[in-house]
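Colleague: Let me begin by handing over the structure; questions about it come next.
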Amino acid sequence: MFEGLSDRLSGILSGLTRRGALTEADVTAAMREVRRALLEADVALEVVRGFTDRVREKAVGAVVLKSVTPGQMVVKIVNDELVAMLGTDAETVDLNAPAPVPILMVGLQGSGKTTTTAKIARRLTEREKRKVLLASLDTRRPAAMEQLAVLAKQVGVESLPIVAGQSAVQIARRAMDAARLGGFDVVMLDTAGRTTVDEGLMAEAAEVKAATRPHEVLLVADALTGQDAVNTARAFDQRLGVTGIVLTRMDGDSRGGAALSMRAVTGKPIKLVGVGEKVDALEEFHPARVANRILG
Ligand code: GDP
């Protein structure tokens with residue numbers, strides 16, 4: 001069974017009966033446990049290093065309050081730093097641009113991109129009363145195009161009619177034209193999925209981006225990807241300029257380390273989290289909850 005960081009730290013620092021400031025030695029021992037806890041939560045190694053360095057700086061010399069144990073004190077410093085790094089509470093999809101507002105959806109195949117596109121469309125329609133048009137740009141996988149059309153129906157939004165033989169950029173342009181003519185507020189462009197970060201598909205998505213100038217480029221990423229999360233996030237962000245991240249499968253066993261990793265390497269906000277297969281299984285991101293989950 002997993003032992004939470006608080007329990008471990010109280011064990012380690014239990015010998016510390018004196019009150020006063022945390023010493024270098026106390027903090028070094030504590031940081032070993034913090035590092036272990038973060039790695040177990042699947043936070044990427046390079047992010048763990050930066051994080052423990054910052055926490056160490058804050059913890060050494062921190063005065064232990066009378067009401068808490070040294071272990072609780074360190075846990076509080078770690079928790080506060082985690083929450084601060086994870087970002088702001090309840091971020092939203094930014095629609096503050098002239099209609100139709102283009103939103104580009106990117107991510108690895110199987111990350112939950114198409115499902116998330118439908119989930120967000122549903123949310124924008126129901127909560128914000130926006131008229132949303134969905135378009136699949138996955139020209140290589142007709143099944144993916146069909147899947148988006150089916151999901152669109154399910155959430156009660158329109159999808160762009162499928163025309164065989166068009167390129168991704170042509171479909172994207174057609175979607176923007178249709179949205180202008182049809183008085184849509186938002187156009188969500190679901191780019192082709194890829195199993196690995198693939199230069200051909202990156203170039204295609206970059207071309208779509210140049211043609212449509214999306215207001216949001218949302219990276220959909222699986223919370224279960226663990227150590228790979230940083231590489232994926234960095235590659236998509238460098239190539240496509242991600243504006244926000246949607247973390248899927250937070251209903252699973254993941255401890256949420258990917259949230260910290262992706263946020264740390266890109267500096268981009270986590271806007272929403274997917275918590276199930278159903279189209280209503282989408283929630284706001286709450287840093288404090290994820291920090292708790294990471295610390296166990
Ligand atoms: P895409 O290839 O990235 O477009 O992925 P899909 O949208 O087709 O999703 C792949 C699978 O993951 C489907 O079975 C979805 O129902 C499932 N899925 C998507 N998001 C979530 C989520 O937040 N939680 C869970 N448990 N499953 C999800």
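We label chains A, B, ... in the order they appear in the structure tokens, count residues from 1 in each chain, and number ligands from 1 in the order shown.
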Could you name the residues that touch range 206-213 of chain A at 10 Å or less, counting only C-alpha atoms, but leaving out those on the same chain fewer than 5 positions away, as number ranges by chain?
Modeller: A: 101-104, 137, 167-173, 175-176, 189, 191, 200-201, 239-241
Colleague: Can I get the selected residues back with C-alpha atoms, as an mmCIF file, in the first residue's frame?
Modeller:
data_model
loop_
_atom_site.group_PDB
_atom_site.id
_atom_site.type_symbol
_atom_site.label_atom_id
_atom_site.label_comp_id
_atom_site.auth_asym_id
_atom_site.auth_seq_id
_atom_site.Cartn_x
_atom_site.Cartn_y
_atom_site.Cartn_z
ATOM 1 C CA VAL A 101 -13.334 31.637 -32.898
ATOM 2 C CA PRO A 102 -11.069 28.834 -34.168
ATOM 3 C CA ILE A 103 -9.821 26.283 -31.635
ATOM 4 C CA LEU A 104 -7.177 23.797 -32.755
ATOM 5 C CA LEU A 137 -9.002 17.087 -40.219
ATOM 6 C CA SER A 167 -6.409 18.103 -47.490
ATOM 7 C CA ALA A 168 -6.424 19.092 -43.831
ATOM 8 C CA VAL A 169 -5.898 22.759 -44.713
ATOM 9 C CA GLN A 170 -8.698 22.677 -47.260
ATOM 10 C CA ILE A 171 -11.072 21.186 -44.706
ATOM 11 C CA ALA A 172 -10.030 23.769 -42.125
ATOM 12 C CA ARG A 173 -10.677 26.610 -44.580
ATOM 13 C CA ALA A 175 -14.916 24.879 -41.833
ATOM 14 C CA MET A 176 -14.096 28.551 -41.278
ATOM 15 C CA LEU A 189 -10.662 21.700 -35.565
ATOM 16 C CA THR A 191 -6.301 17.509 -36.130
ATOM 17 C CA GLY A 200 4.884 15.195 -41.231
ATOM 18 C CA LEU A 201 1.789 15.609 -39.105
ATOM 19 C CA ARG A 239 6.112 23.329 -32.928
ATOM 20 C CA LEU A 240 2.547 24.565 -32.532
ATOM 21 C CA GLY A 241 2.555 27.060 -29.661
#
Colleague: Show which residues sit within 10 Å of Val155 in chain A, as a list in words. Count only C-alpha atoms, and ignore same-chain residues fewer than 4 positions away.
Modeller: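 Contacts, in chain order: Ala118, Lys119, Ile120, Ala121, Arg122, Arg123, Thr125, Glu126, Val150, Leu151, Val279 and Asp280 of chain A.
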Colleague: Can you tell me, as a list of chain:residue names, which residues in range 48-84 of chain A count as alpha helix (DSSP H) by DSSP?
Modeller: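 In range 48-84 of chain A, DSSP puts these residues in alpha helix (DSSP H): A:Val48, A:Arg49, A:Gly50, A:Phe51, A:Thr52, A:Asp53, A:Arg54, A:Val55, A:Arg56, A:Glu57, A:Lys58, A:Ala59, A:Pro70, A:Gly71, A:Gln72, A:Met73, A:Val74, A:Val75, A:Lys76, A:Ile77, A:Val78, A:Asn79, A:Asp80, A:Glu81, A:Leu82, A:Val83, A:Ala84.
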Colleague: Kindly provide, as a PyMOL selection string, all nucleotide and amino acid residues lying within 8 Å of ligand 1, counting only C-alpha atoms and all ligand atoms.
Modeller: chain A and resi 107-117+144+147+193+220+222+247-252+273-278+281-282
Colleague: Which residue gives the smallest distance to Pro287 in chain A among A:Pro161, A:Gly87, A:Gly11, A:Gly20, with only C-alpha atoms counted?
Modeller: A:Gly87
Colleague: Compile the contact shell of Leu260 in chain A as JSON, numbers by chain: residues with an atom at most 10 Å away, counting only C-alpha atoms, same-chain residues fewer than 2 positions apart removed.
Modeller: {"A": [38, 41, 42, 43, 44, 47, 48, 51, 82, 83, 85, 86, 87, 229, 230, 256, 257, 258, 262, 263, 264, 265, 267, 270, 287, 290, 291, 294]}
Colleague: Keeping only N, CA and C atoms, write those residues as a PDB file, in the first residue's frame.
Modeller:
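Here's the written file result.pdb:
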ATOM      1  N   LEU A  38       7.325  12.106  -5.577  1.00  0.00           N
ATOM      2  CA  LEU A  38       7.029  12.704  -6.886  1.00  0.00           C
ATOM      3  C   LEU A  38       7.289  11.709  -8.013  1.00  0.00           C
ATOM      4  N   ALA A  41       4.584   9.330  -8.287  1.00  0.00           N
ATOM      5  CA  ALA A  41       3.394   9.943  -8.892  1.00  0.00           C
ATOM      6  C   ALA A  41       3.619  10.216 -10.376  1.00  0.00           C
ATOM      7  N   ASP A  42       4.768   9.740 -10.911  1.00  0.00           N
ATOM      8  CA  ASP A  42       5.081   9.865 -12.333  1.00  0.00           C
ATOM      9  C   ASP A  42       5.420  11.276 -12.785  1.00  0.00           C
ATOM     10  N   VAL A  43       5.923  12.086 -11.887  1.00  0.00           N
ATOM     11  CA  VAL A  43       6.424  13.399 -12.306  1.00  0.00           C
ATOM     12  C   VAL A  43       7.764  13.143 -13.002  1.00  0.00           C
ATOM     13  N   ALA A  44       7.993  13.819 -14.122  1.00  0.00           N
ATOM     14  CA  ALA A  44       9.221  13.581 -14.886  1.00  0.00           C
ATOM     15  C   ALA A  44      10.454  13.974 -14.071  1.00  0.00           C
ATOM     16  N   VAL A  47      11.766  17.487 -13.927  1.00  0.00           N
ATOM     17  CA  VAL A  47      10.869  18.397 -13.203  1.00  0.00           C
ATOM     18  C   VAL A  47      11.025  18.191 -11.693  1.00  0.00           C
ATOM     19  N   VAL A  48      11.223  16.934 -11.309  1.00  0.00           N
ATOM     20  CA  VAL A  48      11.417  16.617  -9.889  1.00  0.00           C
ATOM     21  C   VAL A  48      12.644  17.362  -9.360  1.00  0.00           C
ATOM     22  N   PHE A  51      12.032  21.030  -8.903  1.00  0.00           N
ATOM     23  CA  PHE A  51      11.067  21.219  -7.827  1.00  0.00           C
ATOM     24  C   PHE A  51      11.730  21.066  -6.461  1.00  0.00           C
ATOM     25  N   LEU A  82       3.775  23.063  -4.844  1.00  0.00           N
ATOM     26  CA  LEU A  82       3.087  22.278  -5.881  1.00  0.00           C
ATOM     27  C   LEU A  82       1.877  23.027  -6.417  1.00  0.00           C
ATOM     28  N   VAL A  83       1.059  23.538  -5.500  1.00  0.00           N
ATOM     29  CA  VAL A  83      -0.158  24.248  -5.916  1.00  0.00           C
ATOM     30  C   VAL A  83       0.228  25.459  -6.772  1.00  0.00           C
ATOM     31  N   MET A  85       2.899  25.887  -8.547  1.00  0.00           N
ATOM     32  CA  MET A  85       3.425  25.468  -9.856  1.00  0.00           C
ATOM     33  C   MET A  85       2.342  24.941 -10.778  1.00  0.00           C
ATOM     34  N   LEU A  86       1.334  24.307 -10.194  1.00  0.00           N
ATOM     35  CA  LEU A  86       0.276  23.709 -11.027  1.00  0.00           C
ATOM     36  C   LEU A  86      -0.593  24.766 -11.688  1.00  0.00           C
ATOM     37  N   GLY A  87      -0.608  25.968 -11.134  1.00  0.00           N
ATOM     38  CA  GLY A  87      -1.293  27.055 -11.832  1.00  0.00           C
ATOM     39  C   GLY A  87      -2.545  27.540 -11.146  1.00  0.00           C
ATOM     40  N   ALA A 229       5.267  12.332 -20.769  1.00  0.00           N
ATOM     41  CA  ALA A 229       4.444  13.538 -20.832  1.00  0.00           C
ATOM     42  C   ALA A 229       5.254  14.781 -21.172  1.00  0.00           C
ATOM     43  N   VAL A 230       6.437  14.892 -20.604  1.00  0.00           N
ATOM     44  CA  VAL A 230       7.245  16.092 -20.861  1.00  0.00           C
ATOM     45  C   VAL A 230       7.658  16.193 -22.316  1.00  0.00           C
ATOM     46  N   GLY A 256      -1.429  11.873 -11.196  1.00  0.00           N
ATOM     47  CA  GLY A 256      -1.491  13.257 -11.681  1.00  0.00           C
ATOM     48  C   GLY A 256      -0.155  13.928 -11.904  1.00  0.00           C
ATOM     49  N   GLY A 257       0.928  13.131 -11.837  1.00  0.00           N
ATOM     50  CA  GLY A 257       2.251  13.705 -12.037  1.00  0.00           C
ATOM     51  C   GLY A 257       2.416  14.379 -13.387  1.00  0.00           C
ATOM     52  N   ALA A 258       1.709  13.853 -14.402  1.00  0.00           N
ATOM     53  CA  ALA A 258       1.821  14.430 -15.745  1.00  0.00           C
ATOM     54  C   ALA A 258       1.371  15.895 -15.745  1.00  0.00           C
ATOM     55  N   MET A 262       3.889  18.609 -17.383  1.00  0.00           N
ATOM     56  CA  MET A 262       3.543  19.375 -18.585  1.00  0.00           C
ATOM     57  C   MET A 262       3.480  20.859 -18.294  1.00  0.00           C
ATOM     58  N   ARG A 263       2.934  21.180 -17.163  1.00  0.00           N
ATOM     59  CA  ARG A 263       2.848  22.585 -16.770  1.00  0.00           C
ATOM     60  C   ARG A 263       4.264  23.161 -16.603  1.00  0.00           C
ATOM     61  N   ALA A 264       5.139  22.377 -15.972  1.00  0.00           N
ATOM     62  CA  ALA A 264       6.488  22.875 -15.708  1.00  0.00           C
ATOM     63  C   ALA A 264       7.274  23.088 -16.998  1.00  0.00           C
ATOM     64  N   VAL A 265       7.172  22.164 -17.960  1.00  0.00           N
ATOM     65  CA  VAL A 265       8.006  22.330 -19.159  1.00  0.00           C
ATOM     66  C   VAL A 265       7.432  23.324 -20.158  1.00  0.00           C
ATOM     67  N   GLY A 267       4.902  25.760 -19.275  1.00  0.00           N
ATOM     68  CA  GLY A 267       4.401  26.985 -18.634  1.00  0.00           C
ATOM     69  C   GLY A 267       2.965  27.284 -19.053  1.00  0.00           C
ATOM     70  N   ILE A 270      -3.172  24.217 -17.437  1.00  0.00           N
ATOM     71  CA  ILE A 270      -4.048  23.067 -17.621  1.00  0.00           C
ATOM     72  C   ILE A 270      -5.458  23.618 -17.495  1.00  0.00           C
ATOM     73  N   PRO A 287      -5.811  22.967  -8.933  1.00  0.00           N
ATOM     74  CA  PRO A 287      -4.442  22.656  -8.511  1.00  0.00           C
ATOM     75  C   PRO A 287      -4.363  22.010  -7.121  1.00  0.00           C
ATOM     76  N   VAL A 290      -5.155  18.305  -7.245  1.00  0.00           N
ATOM     77  CA  VAL A 290      -4.121  17.502  -7.910  1.00  0.00           C
ATOM     78  C   VAL A 290      -2.872  17.421  -7.031  1.00  0.00           C
ATOM     79  N   ALA A 291      -2.565  18.507  -6.326  1.00  0.00           N
ATOM     80  CA  ALA A 291      -1.411  18.482  -5.412  1.00  0.00           C
ATOM     81  C   ALA A 291      -1.618  17.402  -4.356  1.00  0.00           C
ATOM     82  N   ILE A 294      -1.024  14.033  -5.918  1.00  0.00           N
ATOM     83  CA  ILE A 294       0.394  13.758  -6.175  1.00  0.00           C
ATOM     84  C   ILE A 294       1.101  13.381  -4.878  1.00  0.00           C
TER      85      ILE A 294
END
Colleague: Quote the spacing between CA of Glu91 in chain A and CA of Ala221 in chain A in Å to one decimal place.
Modeller: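 Value for the CA of Glu91 in chain A-CA of Ala221 in chain A distance: 16.6 Å.
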Colleague: For Met31 in chain A, please output as an MDAnalysis selection string all residues within 12 Å (counting only C-alpha atoms; exclusion window: fewer than 2 positions along the same chain).
Modeller: chainID A and resid 5 8:9 12:13 24:29 33:38 48:60 71 74:75 77:78
Colleague: Restricting it to N, CA, C and O atoms, dump the selection as a compact mmCIF listing (two decimals), in the first residue's frame.
Modeller:
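That gives us part.txt:
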# COMPACT_ATOMS: atom_id res chain seq x y z
N LEU A 5 3.11 11.06 1.72
CA LEU A 5 4.32 11.80 2.05
C LEU A 5 4.31 12.27 3.51
O LEU A 5 5.34 12.25 4.18
N ARG A 8 5.46 9.49 5.79
CA ARG A 8 6.90 9.23 5.64
C ARG A 8 7.73 10.31 6.30
O ARG A 8 8.71 10.03 6.97
N LEU A 9 7.31 11.56 6.08
CA LEU A 9 8.11 12.66 6.63
C LEU A 9 8.02 12.70 8.14
O LEU A 9 9.00 12.99 8.81
N ILE A 12 10.56 10.26 9.31
CA ILE A 12 11.94 10.71 9.16
C ILE A 12 12.31 11.82 10.12
O ILE A 12 13.40 11.86 10.65
N LEU A 13 11.37 12.73 10.30
CA LEU A 13 11.71 13.91 11.11
C LEU A 13 11.25 13.76 12.55
O LEU A 13 11.27 14.72 13.30
N GLU A 24 19.80 22.18 7.37
CA GLU A 24 20.17 21.62 6.07
C GLU A 24 20.00 20.09 6.08
O GLU A 24 19.46 19.51 5.14
N ALA A 25 20.44 19.46 7.19
CA ALA A 25 20.38 17.99 7.27
C ALA A 25 18.93 17.50 7.31
O ALA A 25 18.58 16.52 6.64
N ASP A 26 18.08 18.19 8.08
CA ASP A 26 16.65 17.82 8.13
C ASP A 26 16.08 17.85 6.71
O ASP A 26 15.37 16.95 6.27
N VAL A 27 16.38 18.95 6.04
CA VAL A 27 15.77 19.18 4.73
C VAL A 27 16.29 18.16 3.71
O VAL A 27 15.54 17.65 2.90
N THR A 28 17.58 17.84 3.79
CA THR A 28 18.14 16.86 2.86
C THR A 28 17.44 15.52 3.01
O THR A 28 17.05 14.89 2.02
N ALA A 29 17.22 15.11 4.25
CA ALA A 29 16.53 13.83 4.49
C ALA A 29 15.10 13.91 3.96
O ALA A 29 14.61 12.98 3.31
N GLU A 33 12.64 11.91 0.45
CA GLU A 33 11.28 11.36 0.45
C GLU A 33 10.38 12.11 -0.53
O GLU A 33 9.53 11.53 -1.19
N VAL A 34 10.56 13.42 -0.62
CA VAL A 34 9.75 14.23 -1.55
C VAL A 34 10.02 13.75 -2.97
O VAL A 34 9.10 13.53 -3.76
N ARG A 35 11.31 13.54 -3.25
CA ARG A 35 11.72 13.08 -4.57
C ARG A 35 11.09 11.72 -4.89
O ARG A 35 10.55 11.52 -5.97
N ARG A 36 11.12 10.83 -3.91
CA ARG A 36 10.52 9.51 -4.11
C ARG A 36 9.03 9.61 -4.37
O ARG A 36 8.50 8.97 -5.27
N ALA A 37 8.36 10.44 -3.58
CA ALA A 37 6.90 10.58 -3.72
C ALA A 37 6.55 11.13 -5.11
O ALA A 37 5.62 10.65 -5.76
N LEU A 38 7.32 12.11 -5.58
CA LEU A 38 7.03 12.70 -6.89
C LEU A 38 7.29 11.71 -8.01
O LEU A 38 6.51 11.62 -8.97
N VAL A 48 11.22 16.93 -11.31
CA VAL A 48 11.42 16.62 -9.89
C VAL A 48 12.64 17.36 -9.36
O VAL A 48 12.62 17.96 -8.29
N ARG A 49 13.72 17.35 -10.15
CA ARG A 49 14.95 18.00 -9.72
C ARG A 49 14.74 19.48 -9.44
O ARG A 49 15.10 19.99 -8.39
N GLY A 50 14.15 20.16 -10.40
CA GLY A 50 13.91 21.60 -10.25
C GLY A 50 13.02 21.88 -9.06
O GLY A 50 13.24 22.82 -8.29
N PHE A 51 12.03 21.03 -8.90
CA PHE A 51 11.07 21.22 -7.83
C PHE A 51 11.73 21.07 -6.46
O PHE A 51 11.59 21.92 -5.58
N THR A 52 12.49 19.98 -6.28
CA THR A 52 13.10 19.77 -4.96
C THR A 52 14.13 20.85 -4.66
O THR A 52 14.27 21.26 -3.51
N ASP A 53 14.82 21.36 -5.68
CA ASP A 53 15.77 22.46 -5.44
C ASP A 53 15.05 23.67 -4.87
O ASP A 53 15.51 24.32 -3.94
N ARG A 54 13.90 23.97 -5.49
CA ARG A 54 13.17 25.16 -5.02
C ARG A 54 12.61 24.97 -3.62
O ARG A 54 12.64 25.88 -2.81
N VAL A 55 12.10 23.78 -3.37
CA VAL A 55 11.53 23.52 -2.04
C VAL A 55 12.65 23.55 -0.99
O VAL A 55 12.48 24.09 0.10
N ARG A 56 13.78 23.00 -1.34
CA ARG A 56 14.91 22.98 -0.41
C ARG A 56 15.26 24.41 0.02
O ARG A 56 15.43 24.71 1.20
N GLU A 57 15.35 25.28 -0.97
CA GLU A 57 15.69 26.68 -0.67
C GLU A 57 14.69 27.31 0.30
O GLU A 57 15.07 28.05 1.20
N LYS A 58 13.43 26.99 0.09
CA LYS A 58 12.41 27.57 0.96
C LYS A 58 12.41 26.94 2.35
O LYS A 58 12.07 27.58 3.33
N ALA A 59 12.77 25.65 2.40
CA ALA A 59 12.63 24.92 3.66
C ALA A 59 13.79 25.15 4.62
O ALA A 59 13.59 25.28 5.82
N VAL A 60 15.02 25.25 4.07
CA VAL A 60 16.17 25.42 4.97
C VAL A 60 16.02 26.75 5.70
O VAL A 60 15.84 27.78 5.07
N GLY A 71 7.75 17.62 10.23
CA GLY A 71 7.26 16.88 9.06
C GLY A 71 6.09 17.60 8.42
O GLY A 71 6.05 17.80 7.20
N VAL A 74 7.29 20.68 6.52
CA VAL A 74 7.86 20.42 5.19
C VAL A 74 6.73 20.08 4.21
O VAL A 74 6.72 20.56 3.07
N VAL A 75 5.78 19.26 4.65
CA VAL A 75 4.67 18.90 3.77
C VAL A 75 3.93 20.16 3.32
O VAL A 75 3.56 20.30 2.15
N ILE A 77 5.17 23.22 3.01
CA ILE A 77 6.01 23.94 2.04
C ILE A 77 5.93 23.25 0.67
O ILE A 77 5.78 23.90 -0.37
N VAL A 78 6.01 21.91 0.67
CA VAL A 78 5.94 21.14 -0.58
C VAL A 78 4.58 21.36 -1.24
O VAL A 78 4.48 21.63 -2.45
Colleague: What separation in Å, quoted to one decimal, exists between CA of His286 in chain A and CA of Arg127 in chain A?
Modeller: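 Atom-to-atom, CA of His286 in chain A to CA of Arg127 in chain A, that is 18.8 Å.
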Colleague: Could you pull out the strand (DSSP E or B) residues of range 75-244 of chain A from DSSP and send them as a list of chain:residue names?
Modeller: A:Val101, A:Pro102, A:Ile103, A:Leu104, A:Met105, A:Val106, A:Gly107, A:Val132, A:Leu133, A:Leu134, A:Ala135, A:Ser136, A:Glu158, A:Ser159, A:Val186, A:Val187, A:Met188, A:Leu189, A:Asp190, A:Glu216, A:Val217, A:Leu218, A:Leu219, A:Val220, A:Ala221, A:Asp222, A:Gly244
Colleague: Could you take the residues named above and write them with N, CA, C and O atoms, as a JSON list (two decimals), in the first residue's frame?
Modeller:
[["chain", "number", "residue", "atom", "x", "y", "z"],
["A", 101, "VAL", "N", -14.62, 31.81, -33.57],
["A", 101, "VAL", "CA", -13.33, 31.64, -32.90],
["A", 101, "VAL", "C", -12.79, 30.24, -33.20],
["A", 101, "VAL", "O", -13.42, 29.24, -32.85],
["A", 102, "PRO", "N", -11.62, 30.16, -33.88],
["A", 102, "PRO", "CA", -11.07, 28.83, -34.17],
["A", 102, "PRO", "C", -10.31, 28.26, -32.96],
["A", 102, "PRO", "O", -9.54, 28.98, -32.32],
["A", 103, "ILE", "N", -10.56, 26.99, -32.68],
["A", 103, "ILE", "CA", -9.82, 26.28, -31.64],
["A", 103, "ILE", "C", -9.20, 25.05, -32.28],
["A", 103, "ILE", "O", -9.90, 24.25, -32.90],
["A", 104, "LEU", "N", -7.88, 24.93, -32.16],
["A", 104, "LEU", "CA", -7.18, 23.80, -32.76],
["A", 104, "LEU", "C", -6.91, 22.74, -31.68],
["A", 104, "LEU", "O", -6.33, 23.06, -30.63],
["A", 105, "MET", "N", -7.35, 21.51, -31.95],
["A", 105, "MET", "CA", -7.16, 20.43, -30.98],
["A", 105, "MET", "C", -6.01, 19.55, -31.46],
["A", 105, "MET", "O", -6.05, 19.04, -32.59],
["A", 106, "VAL", "N", -4.98, 19.37, -30.63],
["A", 106, "VAL", "CA", -3.82, 18.57, -31.04],
["A", 106, "VAL", "C", -3.50, 17.54, -29.96],
["A", 106, "VAL", "O", -3.90, 17.69, -28.80],
["A", 107, "GLY", "N", -2.77, 16.51, -30.36],
["A", 107, "GLY", "CA", -2.37, 15.50, -29.39],
["A", 107, "GLY", "C", -2.09, 14.16, -30.04],
["A", 107, "GLY", "O", -2.35, 13.98, -31.23],
["A", 132, "VAL", "N", -21.50, 25.98, -31.88],
["A", 132, "VAL", "CA", -20.19, 25.37, -32.16],
["A", 132, "VAL", "C", -20.25, 24.47, -33.39],
["A", 132, "VAL", "O", -21.18, 23.69, -33.56],
["A", 133, "LEU", "N", -19.23, 24.59, -34.25],
["A", 133, "LEU", "CA", -19.09, 23.70, -35.41],
["A", 133, "LEU", "C", -17.85, 22.83, -35.21],
["A", 133, "LEU", "O", -16.78, 23.34, -34.87],
["A", 134, "LEU", "N", -17.99, 21.53, -35.40],
["A", 134, "LEU", "CA", -16.85, 20.62, -35.28],
["A", 134, "LEU", "C", -16.39, 20.16, -36.66],
["A", 134, "LEU", "O", -17.22, 19.90, -37.53],
["A", 135, "ALA", "N", -15.08, 20.06, -36.84],
["A", 135, "ALA", "CA", -14.55, 19.54, -38.11],
["A", 135, "ALA", "C", -13.36, 18.64, -37.84],
["A", 135, "ALA", "O", -12.45, 19.01, -37.09],
["A", 136, "SER", "N", -13.37, 17.46, -38.42],
["A", 136, "SER", "CA", -12.24, 16.55, -38.30],
["A", 136, "SER", "C", -11.29, 16.75, -39.48],
["A", 136, "SER", "O", -11.71, 16.78, -40.63],
["A", 158, "GLU", "N", -23.28, 20.79, -34.51],
["A", 158, "GLU", "CA", -23.13, 20.43, -35.92],
["A", 158, "GLU", "C", -21.69, 20.05, -36.23],
["A", 158, "GLU", "O", -20.75, 20.57, -35.63],
["A", 159, "SER", "N", -21.54, 19.15, -37.21],
["A", 159, "SER", "CA", -20.19, 18.86, -37.69],
["A", 159, "SER", "C", -20.16, 19.14, -39.19],
["A", 159, "SER", "O", -21.17, 19.03, -39.88],
["A", 186, "VAL", "N", -17.98, 29.39, -32.60],
["A", 186, "VAL", "CA", -16.73, 28.66, -32.37],
["A", 186, "VAL", "C", -16.58, 27.55, -33.42],
["A", 186, "VAL", "O", -17.56, 26.89, -33.77],
["A", 187, "VAL", "N", -15.34, 27.38, -33.91],
["A", 187, "VAL", "CA", -15.04, 26.24, -34.78],
["A", 187, "VAL", "C", -13.95, 25.41, -34.12],
["A", 187, "VAL", "O", -12.86, 25.93, -33.86],
["A", 188, "MET", "N", -14.24, 24.16, -33.85],
["A", 188, "MET", "CA", -13.21, 23.30, -33.25],
["A", 188, "MET", "C", -12.65, 22.37, -34.32],
["A", 188, "MET", "O", -13.38, 21.60, -34.94],
["A", 189, "LEU", "N", -11.33, 22.48, -34.53],
["A", 189, "LEU", "CA", -10.66, 21.70, -35.57],
["A", 189, "LEU", "C", -9.89, 20.56, -34.92],
["A", 189, "LEU", "O", -8.93, 20.79, -34.17],
["A", 190, "ASP", "N", -10.33, 19.34, -35.19],
["A", 190, "ASP", "CA", -9.73, 18.15, -34.59],
["A", 190, "ASP", "C", -8.66, 17.63, -35.55],
["A", 190, "ASP", "O", -8.97, 17.02, -36.56],
["A", 216, "GLU", "N", -7.11, 29.41, -29.63],
["A", 216, "GLU", "CA", -6.59, 28.45, -28.65],
["A", 216, "GLU", "C", -6.02, 27.27, -29.42],
["A", 216, "GLU", "O", -6.61, 26.81, -30.39],
["A", 217, "VAL", "N", -4.86, 26.79, -28.97],
["A", 217, "VAL", "CA", -4.32, 25.52, -29.46],
["A", 217, "VAL", "C", -4.27, 24.62, -28.22],
["A", 217, "VAL", "O", -3.45, 24.82, -27.32],
["A", 218, "LEU", "N", -5.22, 23.69, -28.15],
["A", 218, "LEU", "CA", -5.33, 22.87, -26.94],
["A", 218, "LEU", "C", -4.67, 21.51, -27.14],
["A", 218, "LEU", "O", -5.02, 20.77, -28.07],
["A", 219, "LEU", "N", -3.71, 21.22, -26.28],
["A", 219, "LEU", "CA", -3.05, 19.92, -26.32],
["A", 219, "LEU", "C", -3.80, 18.96, -25.41],
["A", 219, "LEU", "O", -3.96, 19.21, -24.22],
["A", 220, "VAL", "N", -4.29, 17.86, -26.01],
["A", 220, "VAL", "CA", -4.97, 16.84, -25.23],
["A", 220, "VAL", "C", -3.94, 15.76, -24.89],
["A", 220, "VAL", "O", -3.27, 15.25, -25.79],
["A", 221, "ALA", "N", -3.79, 15.47, -23.62],
["A", 221, "ALA", "CA", -2.76, 14.51, -23.21],
["A", 221, "ALA", "C", -3.30, 13.58, -22.13],
["A", 221, "ALA", "O", -4.06, 13.98, -21.27],
["A", 222, "ASP", "N", -2.86, 12.35, -22.24],
["A", 222, "ASP", "CA", -3.29, 11.29, -21.33],
["A", 222, "ASP", "C", -2.51, 11.38, -20.02],
["A", 222, "ASP", "O", -1.28, 11.36, -20.02],
["A", 244, "GLY", "N", -3.03, 25.87, -24.11],
["A", 244, "GLY", "CA", -3.59, 25.24, -22.92],
["A", 244, "GLY", "C", -3.56, 23.74, -23.07],
["A", 244, "GLY", "O", -3.41, 23.21, -24.17]]
Colleague: Closest to Ser261 in chain A among A:Asp198, A:Asp228, A:Asp177, A:Glu283, using only C-alpha atoms?
Modeller: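 For Ser261 in chain A, the nearest of the candidates is A:Asp228.
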Colleague: Tell me, in Å to one decimal, how far CA of Asp89 in chain A is from CA of Gln227 in chain A.
Modeller: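 Computing the Euclidean distance for CA of Asp89 in chain A and CA of Gln227 in chain A yields 24.4 Å.
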